[in-house]
Amino acid sequence: MKRMTGFLLLCFCFIRLSAQFIEEELPKAMNEGTLIGTGTSHVKDTYLSPFNYSGWGLRILNERMKIIGLGKENFSRQQIINVDISSTKNPAENVNDFGAFVDYSLGYHHRFDVVPSFRVLTGASAHLLGGFIYNTRNGNNPLSAKIDIDLGFSLIALWNFRMNKLPFTLRYQGELPFVGVFFSPEYGASYYEMFNIGNLSDVVTFNSFHNKLALKNYVTIDIPVHSSTLRFGYLNSLYYSDTKNIKTRIISNSFIIGWVKEFIPLGSKRIKYKNKVKSSYY
């Protein structure tokens with residue numbers, strides 16, 4: 001009897017150690033979504049024109065999220081590359097503004113599991129934006145360039161739920177830059193003088209809430225389709241700046257759709273248990 005008890009105790013200890021080993025060896029999955037969408041765009045840049053321009057916009061977005069080894073793996077890293085192209089017209093519909101922007105965001109979030117199905121991620125993010133607005137009527141100064149570098153707050157809420165035994169994930173994300181610098185020439189300054197002659201004095205401006213507000217609201221839902229995952233989303237982007245007698249307002253509302261995949265990036269540990277990974281998203 002004592003031998004049987006010792007044998008069972010040894011088996012129990014072996015199972016516990018094996019479970020801990022498996023848990024430590026769980027690979028960290030990368031959650032990646034690539035989406036494309038369209039919607040409305042409203043642009044006003046008083047360097048080019050005092051009027052409001054309205055039209056349509058095209059958006060392409062790639063997002064990656066992964067758990068990282070900080071704070072007992074309670075942190076995740078998120079990267080978003082966003083391309084935004086728009087075509088808008090003035091109220092008389094006889095002049096066009098064309099806009100093109102590339103926005104890169106790198107965020108680090110601390111993860112809080114409020115309940116097993118609801119998770120909140122809070123942290124900070126860095127943003128780099130570059131692009132331009134081109135006006136078809138202006139002759140001397142037809143283009144207004146935008147270059148921004150910001151640090152901001154970031155909040156993500158994830159809710160996993162089931163409908164008809166199928167798993168769904170609803171996500172809200174908000175991004176709010178609070179400090180940075182951006183390119184802003186004086187009103188009426190010529191780009192020819194700045195870049196051909198080299199008159200670049202006082203074109204970099206410190207920004208915070210007193211002269212700039214940039215806010216993004218991002219809502220998505222992940223829906224399983226056979227062996228794949230489809231992501232539907234809505235992205236609201238607001239950009240306001242007021243400095244050196246130049247006011248800029250860019251508002252876009254886009255409905256986006258795309259595919260999501262989770263994979264083990266190159267360089268991670270070899271997968272021993274294919275059905276068990278540490279997901280940053282689900």
# chains A, B, ... in the order shown; residues from 1 in each chain; ligands from 1
>>> residues_around(residues="Phe209 of chain A", least_positions_apart="5", cutoff="12 Å", atoms="only C-alpha atoms", output="VMD selection string")
chain A and resid 150 152 176 to 181 214 to 215 239 to 243
>>> write_last_selection(atoms="C-alpha atoms", output="PDB file, in the first residue's frame")
ATOM      1  CA  ASP A 150       3.736  62.373 -31.145  1.00  0.00           C
ATOM      2  CA  GLY A 152       0.058  59.621 -26.683  1.00  0.00           C
ATOM      3  CA  LEU A 176      -4.988  60.350 -28.084  1.00  0.00           C
ATOM      4  CA  PRO A 177      -1.582  62.052 -28.632  1.00  0.00           C
ATOM      5  CA  PHE A 178      -0.735  64.605 -25.958  1.00  0.00           C
ATOM      6  CA  VAL A 179       2.765  65.936 -26.773  1.00  0.00           C
ATOM      7  CA  GLY A 180       5.027  66.137 -29.815  1.00  0.00           C
ATOM      8  CA  VAL A 181       6.350  68.282 -32.632  1.00  0.00           C
ATOM      9  CA  ALA A 214      -5.714  64.195 -32.847  1.00  0.00           C
ATOM     10  CA  LEU A 215      -8.067  61.410 -31.804  1.00  0.00           C
ATOM     11  CA  TYR A 239      -7.181  65.874 -36.622  1.00  0.00           C
ATOM     12  CA  TYR A 240      -7.248  69.558 -35.615  1.00  0.00           C
ATOM     13  CA  SER A 241      -4.373  72.036 -35.482  1.00  0.00           C
ATOM     14  CA  ASP A 242      -4.278  75.808 -35.054  1.00  0.00           C
ATOM     15  CA  THR A 243      -0.906  77.543 -35.183  1.00  0.00           C
TER      16      THR A 243
END
>>> residues_around(residues="Phe232 of chain A", least_positions_apart="2", cutoff="12 Å", atoms="only C-alpha atoms", output="PyMOL selection string")
chain A and resi 33-37+168-171+218-224+229-230+234-235+254-260
>>> residues_around(residues="Val43 of chain A", least_positions_apart="5", cutoff="9 Å", atoms="only C-alpha atoms", output="list in words")
Phe51, Asn52, Tyr53, Ser54, Gly55, Thr88, Lys89, Asp97, Gly99, Ile133, Thr248, Arg249, Ile250, Ile251 and Ser252 of chain A
>>> write_last_selection(atoms="C-alpha atoms", output="PDB file, in the first residue's frame")
ATOM      1  CA  PHE A  51     -13.330  76.575 -47.462  1.00  0.00           C
ATOM      2  CA  ASN A  52     -14.374  73.168 -46.216  1.00  0.00           C
ATOM      3  CA  TYR A  53     -13.814  70.329 -48.665  1.00  0.00           C
ATOM      4  CA  SER A  54     -15.831  67.090 -48.563  1.00  0.00           C
ATOM      5  CA  GLY A  55     -15.602  63.813 -50.426  1.00  0.00           C
ATOM      6  CA  THR A  88     -12.555  66.114 -51.692  1.00  0.00           C
ATOM      7  CA  LYS A  89     -14.278  69.106 -53.326  1.00  0.00           C
ATOM      8  CA  ASP A  97      -8.183  68.679 -52.693  1.00  0.00           C
ATOM      9  CA  GLY A  99      -4.769  64.044 -49.667  1.00  0.00           C
ATOM     10  CA  ILE A 133      -2.877  67.955 -49.112  1.00  0.00           C
ATOM     11  CA  THR A 248      -6.194  72.452 -40.317  1.00  0.00           C
ATOM     12  CA  ARG A 249      -9.098  70.077 -39.885  1.00  0.00           C
ATOM     13  CA  ILE A 250      -9.166  66.521 -41.233  1.00  0.00           C
ATOM     14  CA  ILE A 251     -12.092  64.260 -40.322  1.00  0.00           C
ATOM     15  CA  SER A 252     -12.612  60.798 -41.769  1.00  0.00           C
TER      16      SER A 252
END
>>> atom_distance(atom1="atom CA of Ser190 of chain A", atom2="atom CA of Asn141 of chain A")
6.4 Å
>>> atom_distance(atom1="atom CA of Gly233 of chain A", atom2="atom CA of Phe118 of chain A")
18.8 Å
>>> decode(residues="segment 130-154 of chain A", atoms="N, CA and C atoms", output="PDB file, in the first residue's frame")
ATOM      1  N   GLY A 130       3.150  61.257 -41.909  1.00  0.00           N
ATOM      2  CA  GLY A 130       3.678  62.054 -43.013  1.00  0.00           C
ATOM      3  C   GLY A 130       2.714  62.040 -44.182  1.00  0.00           C
ATOM      4  N   GLY A 131       2.578  63.180 -44.847  1.00  0.00           N
ATOM      5  CA  GLY A 131       1.677  63.251 -45.991  1.00  0.00           C
ATOM      6  C   GLY A 131       1.482  64.675 -46.464  1.00  0.00           C
ATOM      7  N   PHE A 132       0.460  64.854 -47.292  1.00  0.00           N
ATOM      8  CA  PHE A 132       0.235  66.174 -47.873  1.00  0.00           C
ATOM      9  C   PHE A 132      -1.216  66.318 -48.311  1.00  0.00           C
ATOM     10  N   ILE A 133      -1.607  67.589 -48.487  1.00  0.00           N
ATOM     11  CA  ILE A 133      -2.877  67.955 -49.112  1.00  0.00           C
ATOM     12  C   ILE A 133      -2.537  68.804 -50.332  1.00  0.00           C
ATOM     13  N   TYR A 134      -3.070  68.434 -51.485  1.00  0.00           N
ATOM     14  CA  TYR A 134      -2.780  69.141 -52.737  1.00  0.00           C
ATOM     15  C   TYR A 134      -4.055  69.778 -53.270  1.00  0.00           C
ATOM     16  N   ASN A 135      -3.989  71.089 -53.546  1.00  0.00           N
ATOM     17  CA  ASN A 135      -5.130  71.834 -54.068  1.00  0.00           C
ATOM     18  C   ASN A 135      -4.934  72.099 -55.554  1.00  0.00           C
ATOM     19  N   THR A 136      -5.936  71.758 -56.364  1.00  0.00           N
ATOM     20  CA  THR A 136      -5.795  71.853 -57.824  1.00  0.00           C
ATOM     21  C   THR A 136      -5.891  73.275 -58.356  1.00  0.00           C
ATOM     22  N   ARG A 137      -6.341  74.234 -57.547  1.00  0.00           N
ATOM     23  CA  ARG A 137      -6.491  75.603 -58.042  1.00  0.00           C
ATOM     24  C   ARG A 137      -5.259  76.452 -57.762  1.00  0.00           C
ATOM     25  N   ASN A 138      -4.659  76.302 -56.602  1.00  0.00           N
ATOM     26  CA  ASN A 138      -3.544  77.169 -56.221  1.00  0.00           C
ATOM     27  C   ASN A 138      -2.373  77.023 -57.178  1.00  0.00           C
ATOM     28  N   GLY A 139      -1.770  78.150 -57.515  1.00  0.00           N
ATOM     29  CA  GLY A 139      -0.638  78.137 -58.425  1.00  0.00           C
ATOM     30  C   GLY A 139       0.694  78.199 -57.709  1.00  0.00           C
ATOM     31  N   ASN A 140       0.869  79.187 -56.827  1.00  0.00           N
ATOM     32  CA  ASN A 140       2.151  79.363 -56.153  1.00  0.00           C
ATOM     33  C   ASN A 140       2.364  78.352 -55.026  1.00  0.00           C
ATOM     34  N   ASN A 141       1.349  78.177 -54.218  1.00  0.00           N
ATOM     35  CA  ASN A 141       1.452  77.261 -53.078  1.00  0.00           C
ATOM     36  C   ASN A 141       0.328  76.229 -53.145  1.00  0.00           C
ATOM     37  N   PRO A 142       0.460  75.222 -53.995  1.00  0.00           N
ATOM     38  CA  PRO A 142      -0.635  74.251 -54.159  1.00  0.00           C
ATOM     39  C   PRO A 142      -0.627  73.125 -53.140  1.00  0.00           C
ATOM     40  N   LEU A 143       0.412  73.030 -52.318  1.00  0.00           N
ATOM     41  CA  LEU A 143       0.562  71.854 -51.456  1.00  0.00           C
ATOM     42  C   LEU A 143       0.808  72.265 -50.010  1.00  0.00           C
ATOM     43  N   SER A 144       0.206  71.507 -49.107  1.00  0.00           N
ATOM     44  CA  SER A 144       0.425  71.694 -47.677  1.00  0.00           C
ATOM     45  C   SER A 144       0.933  70.371 -47.103  1.00  0.00           C
ATOM     46  N   ALA A 145       2.173  70.354 -46.625  1.00  0.00           N
ATOM     47  CA  ALA A 145       2.789  69.133 -46.117  1.00  0.00           C
ATOM     48  C   ALA A 145       2.487  68.967 -44.627  1.00  0.00           C
ATOM     49  N   LYS A 146       2.357  67.699 -44.198  1.00  0.00           N
ATOM     50  CA  LYS A 146       2.104  67.379 -42.794  1.00  0.00           C
ATOM     51  C   LYS A 146       3.120  66.336 -42.340  1.00  0.00           C
ATOM     52  N   ILE A 147       3.895  66.682 -41.309  1.00  0.00           N
ATOM     53  CA  ILE A 147       4.828  65.744 -40.696  1.00  0.00           C
ATOM     54  C   ILE A 147       4.687  65.904 -39.183  1.00  0.00           C
ATOM     55  N   ASP A 148       4.298  64.824 -38.510  1.00  0.00           N
ATOM     56  CA  ASP A 148       4.040  64.870 -37.065  1.00  0.00           C
ATOM     57  C   ASP A 148       4.768  63.729 -36.365  1.00  0.00           C
ATOM     58  N   ILE A 149       5.283  64.001 -35.162  1.00  0.00           N
ATOM     59  CA  ILE A 149       5.821  62.982 -34.272  1.00  0.00           C
ATOM     60  C   ILE A 149       5.192  63.218 -32.904  1.00  0.00           C
ATOM     61  N   ASP A 150       4.498  62.203 -32.377  1.00  0.00           N
ATOM     62  CA  ASP A 150       3.736  62.373 -31.145  1.00  0.00           C
ATOM     63  C   ASP A 150       3.949  61.220 -30.187  1.00  0.00           C
ATOM     64  N   LEU A 151       3.696  61.506 -28.896  1.00  0.00           N
ATOM     65  CA  LEU A 151       3.519  60.494 -27.870  1.00  0.00           C
ATOM     66  C   LEU A 151       2.111  60.645 -27.325  1.00  0.00           C
ATOM     67  N   GLY A 152       1.445  59.515 -27.090  1.00  0.00           N
ATOM     68  CA  GLY A 152       0.058  59.621 -26.683  1.00  0.00           C
ATOM     69  C   GLY A 152      -0.405  58.501 -25.776  1.00  0.00           C
ATOM     70  N   PHE A 153      -1.665  58.617 -25.346  1.00  0.00           N
ATOM     71  CA  PHE A 153      -2.317  57.605 -24.538  1.00  0.00           C
ATOM     72  C   PHE A 153      -3.006  56.590 -25.450  1.00  0.00           C
ATOM     73  N   SER A 154      -3.118  55.364 -24.969  1.00  0.00           N
ATOM     74  CA  SER A 154      -3.774  54.318 -25.745  1.00  0.00           C
ATOM     75  C   SER A 154      -4.595  53.426 -24.822  1.00  0.00           C
TER      76      SER A 154
END
